[in-house]
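> The structure follows.
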Number of protein chains: 2
Amino acid sequence: MDGSDTSPNKLKRSRPVKVADQIKQWVVERDLKDGDKLPNEGEMIKLFGVSKGTVREALRILEAQGLIITKTGPGGGSIVGEVSAERASSLLANYFYFQDLSLTDIYQMRKALEPELVASLAGNLTDEQLSELEALAEMHPKPAETAEQEKEHHISSLKFHARLSEFAGNKLLGFVIGFMSRILTDLTVYRRLYDKPNFELWKKGREHQIQLVKALRAGEATIAQNIMKSHMQIAEELMQTQEASLTKQFMGD
Amino acid sequence: MDGSDTSPNKLKRSRPVKVADQIKQWVVERDLKDGDKLPNEGEMIKLFGVSKGTVREALRILEAQGLIITKTGPGGGSIVGEVSAERASSLLANYFYFQDLSLTDIYQMRKALEPELVASLAGNLTDEQLSELEALAEMHPKPAETAEQEKEHHISSLKFHARLSEFAGNKLLGFVIGFMSRILTDLTVYRRLYDKPNFELWKKGREHQIQLVKALRAGEATIAQNIMKSHMQIAEELMQTQEASLTKQFMGD
DNA sequence: TAAGATTTGTTCGTATGTATC
DNA sequence: GGATACATACGAACAAATCTT
């Protein structure tokens, strides 16, 4: 957090934005952590010499970014809050709302990253984590018969990948993969992608997931990596048989 | 943008947040685009049945997310604004401020993605873009002698990668690579990474960039990819000779 | 359960700043 | 420069939530 004007922008910053920056600075100077308390409204009014309304607008700015949490009542007030992956994901989704991503774009990334992820995860998961993945993989033992079931299957499958990403030691890698799962899930929910059940693809996908968990448990990094590569290939083919443009299907919160 | 309560959270949402959601909904229902005008404060007060202060807090929330831009004066008011890559990057950096990324984490990603990027860029760049990259690559013909010069060289090098990422047809891939360049640049600026000039690494890095541009111009995807792989290897080695933990060095705006 | 204290939440009236014509 | 239309900011009052006793 710098707080100072890093860019040569001479953009006029409104007072609430300035105050928001001042609060940020106040927090960083004191190296405050997750649950630490900020001054209350009254103190901020005196501290920054602005009115209550201005302070509150500043607090809403920080809250929107996920940096603080505000509660009412005695002992209430604002505290520092770690930005959650969920919130970061939402904010980022707002950016891609305008960007016109294609399925090809997303799968170019998935093909590069998901095999990398499982390779680094092999042999490093707890029994509990492995069991959970197993349960997700075996959730749908029967092929879909209706479009609705097909949709459920695919959301489950994405859930498998999302959960996998949360186990990543590499938080950046984990976040990006989780973000892609989210986008694809939103897509599946809001559009009626996956119209027609596809027996062959369901079967392959399920086998892949089960074999993958086995490889992860055995610590077979290369095998896990190869399974995921094949899996991504299959998944992309499935998606590509459906629509291509997925603009404007998210921007959630 | 959904606006509705997707999650099973029974989190109490303050009125400004609700109004912000209502405004979002209002925008999406009408499919408003980049420069389109929103109702002014007075109209929103009537529209949502809340006071001026509440409307203003809601507007600050949307502004913080980069979704609207507000101007004063006649013809002023709020308009829809595309979230910029810059802003999305800042918001995301807030998340990783708390996450404890290591250089190894970042380079695991870079090694997976940057070769992929140049492969897809080969033969698809304009003369102008290629010239610009060339200029960046040839910016420092002489090895660094001081720590300050070494720092400049590395920022330039990261600029090269950042620019490259902006040329990506795949906006997701481009964004992630640009984001990593940003993090590494912030690191270089705020910490004194790169203390001691390293002649061998400078030379290799420079050659790589120049060869890379040549391969991109020739449309040699595989060659470009291999050059980038080597380059990432070198770059990681260089960084690893320096500090490892890069927590809490960003959170900028 | 109830009352009181604390802190945020919301409203209103008014005044000021700023950009356009 | 003056009129207009808009956001910006302030201050005082009251409402609502929540913790403590």
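Letters for chains follow the order of the structure tokens (A, B, ...), residue numbers begin at 1 for each chain, and ligand numbers begin at 1 in the order shown.
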Report as JSON lines the residues of chain C within 7 Å of chain A, each with its shortest atom pair and distance in Å (one decimal), using only C-alpha atoms (C1' of nucleotides), ordered by chain and increasing residue number.

```
{"residue": "C:DT6", "atom": "C1'", "partner": "A:Pro74", "partner_atom": "CA", "distance": 4.3}
{"residue": "C:DT7", "atom": "C1'", "partner": "A:Gly73", "partner_atom": "CA", "distance": 4.8}
{"residue": "C:DT8", "atom": "C1'", "partner": "A:Thr72", "partner_atom": "CA", "distance": 4.6}
```
> Please determine the contact residues of chain A with respect to chain B at a cut-off of 7 Å, counting only C-alpha atoms, and supply them as a ChimeraX atom specification.
/A:1-3,53,57,60-61,64-65,82-84,88,91-92,94-95,98-99,101,105,109,112-113,170-173,250-252
> Just N, CA, C and O atoms for this one: save the residues we selected as a CSV table (one decimal), in the first residue's frame.

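Generated file (again_6.csv):
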```
chain,number,residue,atom,x,y,z
A,1,MET,N,0.8,-1.2,0.0
A,1,MET,CA,0.0,0.0,0.0
A,1,MET,C,0.9,1.2,0.0
A,1,MET,O,1.6,1.5,0.9
A,2,ASP,N,0.8,2.1,-1.0
A,2,ASP,CA,1.6,3.2,-1.0
A,2,ASP,C,0.9,4.4,-0.4
A,2,ASP,O,1.4,5.2,0.4
A,3,GLY,N,-0.3,4.7,-0.9
A,3,GLY,CA,-1.0,5.9,-0.4
A,3,GLY,C,-0.6,7.1,-1.2
A,3,GLY,O,-1.4,8.0,-1.4
A,53,GLY,N,-20.2,12.6,6.8
A,53,GLY,CA,-20.6,12.1,5.5
A,53,GLY,C,-19.3,11.7,4.7
A,53,GLY,O,-19.3,10.6,4.1
A,57,GLU,N,-18.2,8.0,3.4
A,57,GLU,CA,-18.0,7.6,2.0
A,57,GLU,C,-16.6,6.9,1.8
A,57,GLU,O,-16.4,6.0,1.1
A,60,ARG,N,-16.9,3.4,2.9
A,60,ARG,CA,-17.6,2.5,2.0
A,60,ARG,C,-16.6,2.1,0.9
A,60,ARG,O,-16.7,1.0,0.3
A,61,ILE,N,-15.7,3.1,0.5
A,61,ILE,CA,-14.7,2.7,-0.5
A,61,ILE,C,-13.8,1.6,-0.1
A,61,ILE,O,-13.6,0.6,-0.8
A,64,ALA,N,-15.7,-1.6,0.0
A,64,ALA,CA,-16.0,-2.2,-1.3
A,64,ALA,C,-14.8,-3.0,-1.8
A,64,ALA,O,-14.9,-3.9,-2.6
A,65,GLN,N,-13.6,-2.5,-1.4
A,65,GLN,CA,-12.4,-3.2,-1.8
A,65,GLN,C,-12.1,-4.4,-1.0
A,65,GLN,O,-11.1,-5.1,-1.2
A,82,GLU,N,-8.9,-9.1,6.0
A,82,GLU,CA,-8.2,-9.6,4.9
A,82,GLU,C,-9.1,-9.7,3.7
A,82,GLU,O,-10.3,-10.2,3.8
A,83,VAL,N,-8.7,-9.3,2.5
A,83,VAL,CA,-9.5,-9.5,1.3
A,83,VAL,C,-9.7,-11.0,1.1
A,83,VAL,O,-8.7,-11.7,1.0
A,84,SER,N,-10.9,-11.4,0.9
A,84,SER,CA,-11.1,-12.8,0.7
A,84,SER,C,-10.9,-13.2,-0.8
A,84,SER,O,-11.0,-12.3,-1.7
A,88,ALA,N,-12.0,-10.9,-4.1
A,88,ALA,CA,-11.1,-10.6,-5.1
A,88,ALA,C,-11.5,-11.1,-6.5
A,88,ALA,O,-11.4,-10.5,-7.5
A,91,LEU,N,-14.3,-8.9,-7.8
A,91,LEU,CA,-13.8,-7.6,-8.3
A,91,LEU,C,-13.2,-7.8,-9.7
A,91,LEU,O,-13.3,-7.0,-10.6
A,92,LEU,N,-12.4,-8.9,-9.8
A,92,LEU,CA,-11.7,-9.2,-11.0
A,92,LEU,C,-12.7,-9.6,-12.1
A,92,LEU,O,-12.6,-9.2,-13.3
A,94,ASN,N,-15.5,-8.3,-12.6
A,94,ASN,CA,-16.0,-7.0,-13.1
A,94,ASN,C,-15.2,-6.5,-14.3
A,94,ASN,O,-15.7,-5.9,-15.2
A,95,TYR,N,-13.9,-6.8,-14.2
A,95,TYR,CA,-13.0,-6.4,-15.3
A,95,TYR,C,-13.3,-7.2,-16.5
A,95,TYR,O,-13.4,-6.6,-17.6
A,98,PHE,N,-16.1,-6.8,-19.3
A,98,PHE,CA,-16.0,-5.9,-20.5
A,98,PHE,C,-15.0,-6.5,-21.5
A,98,PHE,O,-14.7,-5.8,-22.5
A,99,GLN,N,-14.4,-7.7,-21.3
A,99,GLN,CA,-13.3,-8.0,-22.1
A,99,GLN,C,-13.5,-9.1,-23.2
A,99,GLN,O,-12.6,-9.4,-23.9
A,101,LEU,N,-14.0,-12.6,-23.3
A,101,LEU,CA,-13.2,-13.8,-23.3
A,101,LEU,C,-13.9,-14.9,-24.1
A,101,LEU,O,-15.1,-15.0,-24.1
A,105,ASP,N,-9.8,-18.9,-25.0
A,105,ASP,CA,-8.9,-18.2,-24.1
A,105,ASP,C,-8.7,-18.9,-22.8
A,105,ASP,O,-7.6,-19.1,-22.3
A,109,MET,N,-5.4,-21.2,-21.0
A,109,MET,CA,-4.8,-21.0,-19.6
A,109,MET,C,-5.0,-22.3,-18.8
A,109,MET,O,-4.0,-22.7,-18.1
A,112,ALA,N,-2.5,-24.8,-19.6
A,112,ALA,CA,-1.1,-24.5,-19.1
A,112,ALA,C,-1.0,-24.7,-17.6
A,112,ALA,O,0.1,-25.1,-17.1
A,113,LEU,N,-2.0,-24.4,-16.9
A,113,LEU,CA,-1.9,-24.3,-15.4
A,113,LEU,C,-2.4,-25.5,-14.7
A,113,LEU,O,-1.8,-25.9,-13.7
A,170,ASN,N,0.8,-22.7,-3.9
A,170,ASN,CA,1.0,-21.5,-4.6
A,170,ASN,C,-0.3,-20.7,-4.7
A,170,ASN,O,-1.2,-21.1,-5.5
A,171,LYS,N,-0.4,-19.7,-3.9
A,171,LYS,CA,-1.7,-19.0,-3.8
A,171,LYS,C,-2.1,-18.3,-5.1
A,171,LYS,O,-3.2,-18.1,-5.4
A,172,LEU,N,-1.1,-17.9,-5.9
A,172,LEU,CA,-1.3,-17.2,-7.1
A,172,LEU,C,-1.9,-18.2,-8.1
A,172,LEU,O,-2.9,-18.0,-8.8
A,173,LEU,N,-1.2,-19.3,-8.3
A,173,LEU,CA,-1.7,-20.4,-9.1
A,173,LEU,C,-3.1,-20.8,-8.7
A,173,LEU,O,-4.0,-21.0,-9.6
A,250,PHE,N,-21.2,-12.6,-16.3
A,250,PHE,CA,-20.9,-12.6,-14.8
A,250,PHE,C,-21.0,-11.2,-14.3
A,250,PHE,O,-22.1,-10.6,-14.4
A,251,MET,N,-20.1,-10.7,-13.7
A,251,MET,CA,-20.2,-9.4,-13.0
A,251,MET,C,-21.0,-9.6,-11.8
A,251,MET,O,-21.9,-8.8,-11.5
A,252,GLY,N,-20.7,-10.6,-11.0
A,252,GLY,CA,-21.5,-10.9,-9.8
A,252,GLY,C,-20.9,-10.2,-8.6
A,252,GLY,O,-19.8,-9.6,-8.7
```
> Point out the residue among A:Arg182, A:Ser51, A:Trp26, A:Lys12 with the least atom-to-atom distance to chain D, counting only C-alpha atoms (C1' of nucleotides).
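Of all the options, A:Ser51 lies closest to chain D.
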> Write out as an mmCIF file with N, CA, C and O atoms, in the first residue's frame which residues come within 12 Å of A:Gln149 when counting only C-alpha atoms (C1' of nucleotides), dropping same-chain ones fewer than 2 positions away.

```cif
data_model
loop_
_atom_site.group_PDB
_atom_site.id
_atom_site.type_symbol
_atom_site.label_atom_id
_atom_site.label_comp_id
_atom_site.auth_asym_id
_atom_site.auth_seq_id
_atom_site.Cartn_x
_atom_site.Cartn_y
_atom_site.Cartn_z
ATOM 1 N N HIS A 140 -21.370 -38.446 -9.068
ATOM 2 C CA HIS A 140 -22.390 -38.767 -10.067
ATOM 3 C C HIS A 140 -22.054 -40.073 -10.776
ATOM 4 O O HIS A 140 -21.502 -40.056 -11.874
ATOM 5 N N PRO A 141 -22.435 -41.175 -10.186
ATOM 6 C CA PRO A 141 -22.068 -42.483 -10.739
ATOM 7 C C PRO A 141 -22.859 -42.854 -11.991
ATOM 8 O O PRO A 141 -22.480 -43.758 -12.702
ATOM 9 N N LYS A 142 -23.955 -42.135 -12.208
ATOM 10 C CA LYS A 142 -24.750 -42.452 -13.395
ATOM 11 C C LYS A 142 -24.740 -41.318 -14.400
ATOM 12 O O LYS A 142 -24.724 -40.148 -14.019
ATOM 13 N N PRO A 143 -24.747 -41.655 -15.659
ATOM 14 C CA PRO A 143 -24.729 -40.622 -16.706
ATOM 15 C C PRO A 143 -25.999 -39.776 -16.657
ATOM 16 O O PRO A 143 -27.045 -40.241 -16.208
ATOM 17 N N ALA A 144 -25.880 -38.581 -17.114
ATOM 18 C CA ALA A 144 -27.026 -37.672 -17.112
ATOM 19 C C ALA A 144 -28.053 -38.103 -18.137
ATOM 20 O O ALA A 144 -27.711 -38.641 -19.188
ATOM 21 N N GLU A 145 -29.288 -37.887 -17.815
ATOM 22 C CA GLU A 145 -30.348 -38.216 -18.780
ATOM 23 C C GLU A 145 -31.039 -36.958 -19.280
ATOM 24 O O GLU A 145 -31.526 -36.910 -20.395
ATOM 25 N N THR A 146 -31.073 -35.961 -18.436
ATOM 26 C CA THR A 146 -31.703 -34.703 -18.849
ATOM 27 C C THR A 146 -30.654 -33.599 -18.921
ATOM 28 O O THR A 146 -29.545 -33.749 -18.413
ATOM 29 N N ALA A 147 -31.038 -32.511 -19.559
ATOM 30 C CA ALA A 147 -30.137 -31.362 -19.647
ATOM 31 C C ALA A 147 -29.835 -30.825 -18.251
ATOM 32 O O ALA A 147 -28.711 -30.400 -17.951
ATOM 33 N N LYS A 151 -26.157 -30.428 -16.545
ATOM 34 C CA LYS A 151 -25.675 -29.176 -15.961
ATOM 35 C C LYS A 151 -25.106 -29.422 -14.564
ATOM 36 O O LYS A 151 -24.009 -28.962 -14.243
ATOM 37 N N GLU A 152 -25.845 -30.173 -13.763
ATOM 38 C CA GLU A 152 -25.359 -30.490 -12.414
ATOM 39 C C GLU A 152 -24.008 -31.199 -12.448
ATOM 40 O O GLU A 152 -23.121 -30.907 -11.656
ATOM 41 N N HIS A 153 -23.874 -32.128 -13.360
ATOM 42 C CA HIS A 153 -22.619 -32.855 -13.483
ATOM 43 C C HIS A 153 -21.460 -31.911 -13.748
ATOM 44 O O HIS A 153 -20.382 -32.044 -13.161
ATOM 45 N N HIS A 154 -21.721 -30.973 -14.610
ATOM 46 C CA HIS A 154 -20.621 -30.088 -14.987
ATOM 47 C C HIS A 154 -20.270 -29.112 -13.883
ATOM 48 O O HIS A 154 -19.107 -28.778 -13.682
ATOM 49 N N ILE A 155 -21.280 -28.695 -13.148
ATOM 50 C CA ILE A 155 -20.993 -27.829 -12.012
ATOM 51 C C ILE A 155 -20.197 -28.595 -10.960
ATOM 52 O O ILE A 155 -19.251 -28.081 -10.377
ATOM 53 N N SER A 156 -20.548 -29.854 -10.753
ATOM 54 C CA SER A 156 -19.786 -30.703 -9.831
ATOM 55 C C SER A 156 -18.338 -30.826 -10.276
ATOM 56 O O SER A 156 -17.402 -30.747 -9.475
ATOM 57 N N ARG A 192 -27.592 -21.729 -20.781
ATOM 58 C CA ARG A 192 -27.850 -23.159 -20.783
ATOM 59 C C ARG A 192 -26.856 -23.855 -21.697
ATOM 60 O O ARG A 192 -27.162 -24.369 -22.756
ATOM 61 N N TYR A 194 -24.226 -26.884 -22.122
ATOM 62 C CA TYR A 194 -24.466 -28.308 -21.844
ATOM 63 C C TYR A 194 -25.916 -28.689 -22.092
ATOM 64 O O TYR A 194 -26.600 -29.176 -21.204
ATOM 65 N N ASP A 195 -26.383 -28.429 -23.255
ATOM 66 C CA ASP A 195 -27.764 -28.773 -23.550
ATOM 67 C C ASP A 195 -27.994 -30.281 -23.592
ATOM 68 O O ASP A 195 -28.895 -30.799 -22.969
ATOM 69 N N LYS A 196 -27.157 -30.944 -24.340
ATOM 70 C CA LYS A 196 -27.390 -32.375 -24.574
ATOM 71 C C LYS A 196 -26.377 -33.222 -23.818
ATOM 72 O O LYS A 196 -25.175 -33.015 -23.935
ATOM 73 N N PRO A 197 -26.869 -34.149 -23.032
ATOM 74 C CA PRO A 197 -25.992 -35.084 -22.327
ATOM 75 C C PRO A 197 -25.096 -35.815 -23.315
ATOM 76 O O PRO A 197 -25.513 -36.139 -24.422
ATOM 77 N N ASN A 198 -23.856 -36.019 -22.902
ATOM 78 C CA ASN A 198 -22.912 -36.704 -23.762
ATOM 79 C C ASN A 198 -22.265 -37.844 -22.974
ATOM 80 O O ASN A 198 -21.384 -37.632 -22.153
ATOM 81 N N TRP A 202 -18.926 -37.815 -20.424
ATOM 82 C CA TRP A 202 -19.164 -37.985 -18.994
ATOM 83 C C TRP A 202 -18.295 -39.102 -18.445
ATOM 84 O O TRP A 202 -17.650 -38.977 -17.411
#
```
> Would you mind listing, as a ChimeraX atom specification, all residues of chain D that have at least one atom within 8 Å of chain B, where only C-alpha atoms (C1' of nucleotides) are what counts?
/D:4-7
> Please identify the helix (DSSP H, G or I) residues within stretch 26-249 of chain A (assignment by DSSP from backbone atoms) and present them as a ChimeraX atom specification.
/A:26-29,41-48,52-64,85-96,103-121,127-137,147-166,171-190,199-218,221-240
> Put those residues in a file: C-alpha atoms, as a tab-separated table (two decimals), in the first residue's frame.

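Below you can see out_23.tsv, which holds the result:
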```tsv
chain	number	residue	atom	x	y	z
A	26	TRP	CA	-2.77	5.11	8.86
A	27	VAL	CA	-3.20	1.34	8.83
A	28	VAL	CA	0.06	0.56	7.06
A	29	GLU	CA	2.11	2.89	9.23
A	41	GLU	CA	-16.23	7.71	12.92
A	42	GLY	CA	-16.03	10.44	15.49
A	43	GLU	CA	-12.29	10.06	15.89
A	44	MET	CA	-11.75	10.05	12.15
A	45	ILE	CA	-13.74	13.25	11.81
A	46	LYS	CA	-11.33	14.94	14.16
A	47	LEU	CA	-8.30	13.09	12.81
A	48	PHE	CA	-8.81	14.12	9.19
A	52	LYS	CA	-19.17	12.58	8.99
A	53	GLY	CA	-20.55	12.07	5.52
A	54	THR	CA	-17.10	12.26	3.98
A	55	VAL	CA	-15.66	9.79	6.46
A	56	ARG	CA	-18.48	7.40	5.74
A	57	GLU	CA	-17.96	7.61	1.98
A	58	ALA	CA	-14.29	6.82	2.55
A	59	LEU	CA	-15.21	3.81	4.66
A	60	ARG	CA	-17.56	2.53	1.97
A	61	ILE	CA	-14.70	2.74	-0.54
A	62	LEU	CA	-12.44	0.62	1.63
A	63	GLU	CA	-15.28	-1.75	2.38
A	64	ALA	CA	-16.00	-2.20	-1.32
A	85	ALA	CA	-10.47	-14.86	-2.43
A	86	GLU	CA	-14.19	-14.70	-3.06
A	87	ARG	CA	-14.23	-10.93	-3.07
A	88	ALA	CA	-11.05	-10.60	-5.12
A	89	SER	CA	-12.63	-12.94	-7.60
A	90	SER	CA	-15.78	-10.82	-7.83
A	91	LEU	CA	-13.84	-7.62	-8.34
A	92	LEU	CA	-11.74	-9.23	-11.04
A	93	ALA	CA	-14.84	-10.60	-12.72
A	94	ASN	CA	-16.04	-7.01	-13.12
A	95	TYR	CA	-12.98	-6.36	-15.26
A	96	PHE	CA	-13.53	-9.33	-17.52
A	103	LEU	CA	-13.66	-20.46	-24.28
A	104	THR	CA	-10.47	-20.89	-26.24
A	105	ASP	CA	-8.87	-18.19	-24.13
A	106	ILE	CA	-9.85	-19.84	-20.88
A	107	TYR	CA	-8.75	-23.26	-22.00
A	108	GLN	CA	-5.43	-22.00	-23.22
A	109	MET	CA	-4.85	-21.01	-19.60
A	110	ARG	CA	-6.33	-24.10	-18.05
A	111	LYS	CA	-4.22	-26.37	-20.22
A	112	ALA	CA	-1.12	-24.52	-19.15
A	113	LEU	CA	-1.92	-24.28	-15.45
A	114	GLU	CA	-4.02	-27.19	-14.23
A	115	PRO	CA	-1.48	-29.89	-15.12
A	116	GLU	CA	1.14	-27.77	-13.38
A	117	LEU	CA	-1.06	-27.58	-10.30
A	118	VAL	CA	-1.68	-31.29	-9.92
A	119	ALA	CA	1.98	-32.04	-10.51
A	120	SER	CA	2.92	-29.85	-7.56
A	121	LEU	CA	0.10	-31.28	-5.46
A	127	ASP	CA	-5.92	-37.96	3.61
A	128	GLU	CA	-8.82	-35.72	4.40
A	129	GLN	CA	-8.27	-33.62	1.29
A	130	LEU	CA	-7.90	-36.70	-0.86
A	131	SER	CA	-11.10	-38.18	0.52
A	132	GLU	CA	-12.99	-35.02	-0.21
A	133	LEU	CA	-11.78	-35.02	-3.79
A	134	GLU	CA	-12.70	-38.64	-4.10
A	135	ALA	CA	-16.20	-37.90	-2.88
A	136	LEU	CA	-16.56	-35.12	-5.43
A	137	ALA	CA	-15.27	-37.34	-8.21
A	147	ALA	CA	-30.14	-31.36	-19.65
A	148	GLU	CA	-30.66	-30.37	-16.03
A	149	GLN	CA	-28.67	-33.36	-14.78
A	150	GLU	CA	-25.97	-32.68	-17.31
A	151	LYS	CA	-25.67	-29.18	-15.96
A	152	GLU	CA	-25.36	-30.49	-12.41
A	153	HIS	CA	-22.62	-32.86	-13.48
A	154	HIS	CA	-20.62	-30.09	-14.99
A	155	ILE	CA	-20.99	-27.83	-12.01
A	156	SER	CA	-19.79	-30.70	-9.83
A	157	SER	CA	-16.84	-31.20	-12.09
A	158	LEU	CA	-15.93	-27.54	-11.84
A	159	LYS	CA	-16.34	-27.77	-8.09
A	160	PHE	CA	-13.73	-30.52	-8.16
A	161	HIS	CA	-11.28	-28.21	-9.89
A	162	ALA	CA	-12.14	-25.31	-7.62
A	163	ARG	CA	-11.51	-27.38	-4.53
A	164	LEU	CA	-8.27	-28.64	-5.99
A	165	SER	CA	-7.16	-25.08	-6.54
A	166	GLU	CA	-7.78	-24.23	-2.89
A	171	LYS	CA	-1.68	-18.97	-3.82
A	172	LEU	CA	-1.33	-17.19	-7.14
A	173	LEU	CA	-1.69	-20.37	-9.14
A	174	GLY	CA	-4.57	-21.43	-6.92
A	175	PHE	CA	-6.38	-18.15	-7.29
A	176	VAL	CA	-6.18	-18.05	-11.08
A	177	ILE	CA	-7.42	-21.60	-11.46
A	178	GLY	CA	-10.21	-20.98	-8.97
A	179	PHE	CA	-11.15	-17.85	-10.86
A	180	MET	CA	-11.48	-19.77	-14.11
A	181	SER	CA	-13.66	-22.38	-12.44
A	182	ARG	CA	-15.84	-19.60	-11.21
A	183	ILE	CA	-16.22	-18.04	-14.62
A	184	LEU	CA	-17.08	-21.37	-16.18
A	185	THR	CA	-19.54	-22.12	-13.40
A	186	ASP	CA	-21.29	-18.80	-13.84
A	187	LEU	CA	-21.43	-19.52	-17.52
A	188	THR	CA	-23.01	-22.89	-16.90
A	189	VAL	CA	-25.52	-21.44	-14.49
A	190	TYR	CA	-26.63	-18.40	-16.44
A	199	PHE	CA	-22.32	-40.21	-22.47
A	200	GLU	CA	-18.82	-40.67	-23.80
A	201	LEU	CA	-17.53	-37.44	-22.34
A	202	TRP	CA	-19.16	-37.99	-18.99
A	203	LYS	CA	-17.53	-41.40	-18.73
A	204	LYS	CA	-14.06	-40.16	-19.67
A	205	GLY	CA	-14.29	-37.18	-17.38
A	206	ARG	CA	-15.33	-39.27	-14.42
A	207	GLU	CA	-12.59	-41.81	-14.99
A	208	HIS	CA	-10.05	-39.03	-15.24
A	209	GLN	CA	-11.01	-37.56	-11.91
A	210	ILE	CA	-10.89	-40.89	-10.12
A	211	GLN	CA	-7.55	-41.81	-11.65
A	212	LEU	CA	-6.26	-38.38	-10.82
A	213	VAL	CA	-7.02	-38.70	-7.14
A	214	LYS	CA	-5.31	-42.06	-7.15
A	215	ALA	CA	-2.19	-40.58	-8.72
A	216	LEU	CA	-2.23	-37.68	-6.28
A	217	ARG	CA	-2.41	-40.08	-3.38
A	218	ALA	CA	0.44	-42.16	-4.78
A	221	ALA	CA	3.37	-36.19	-10.22
A	222	THR	CA	3.98	-36.99	-13.86
A	223	ILE	CA	1.05	-39.34	-14.12
A	224	ALA	CA	-1.26	-36.83	-12.46
A	225	GLN	CA	-0.02	-34.17	-14.84
A	226	ASN	CA	-0.73	-36.31	-17.87
A	227	ILE	CA	-4.19	-37.23	-16.68
A	228	MET	CA	-5.01	-33.59	-16.22
A	229	LYS	CA	-3.70	-32.77	-19.67
A	230	SER	CA	-6.04	-35.31	-21.22
A	231	HIS	CA	-8.86	-34.12	-19.04
A	232	MET	CA	-8.44	-30.53	-20.16
A	233	GLN	CA	-8.46	-31.70	-23.75
A	234	ILE	CA	-11.75	-33.50	-23.24
A	235	ALA	CA	-13.31	-30.67	-21.30
A	236	GLU	CA	-12.42	-28.16	-23.96
A	237	GLU	CA	-13.90	-30.29	-26.69
A	238	LEU	CA	-17.11	-30.56	-24.73
A	239	MET	CA	-17.35	-26.85	-24.16
A	240	GLN	CA	-16.47	-26.02	-27.72
```
> When you count only C-alpha atoms (C1' of nucleotides), which of these residues is closest to C:DA3: D:DG2, D:DA13, D:DT20, D:DT8?
D:DT20
> Within stretch 6-183 of chain B, find each residue whose DSSP state, derived from the backbone, is strand (DSSP E or B), and express the selection as a list in words.
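DSSP on the backbone gives strand (DSSP E or B) at Lys37, Ile68, Ile69, Thr70, Lys71, Gly77, Ser78, Ile79, Val80 and Ser102 of chain B.
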> Mind pulling up the distance from atom CA of B:Ile23 to atom CA of B:Val50?
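Here the two named atoms are 12.6 Å from each other.
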> Distance atom CA of B:Ala20-atom CA of A:Ile68, one decimal place?
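About the pair atom CA of B:Ala20 and atom CA of A:Ile68: they are 17.5 Å apart.
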> Pick out the residues sitting within 10 Å of C:DT14, and hand them over as an MDAnalysis selection string; count only C-alpha atoms (C1' of nucleotides), and ignore anything fewer than 2 positions along from it in its own chain.
(chainID C and resid 12 16) or (chainID D and resid 10:11)
> By how many Å are atom CA of B:Val80 and atom CA of B:Lys37 apart?
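Here the two named atoms are 6.5 Å from each other.
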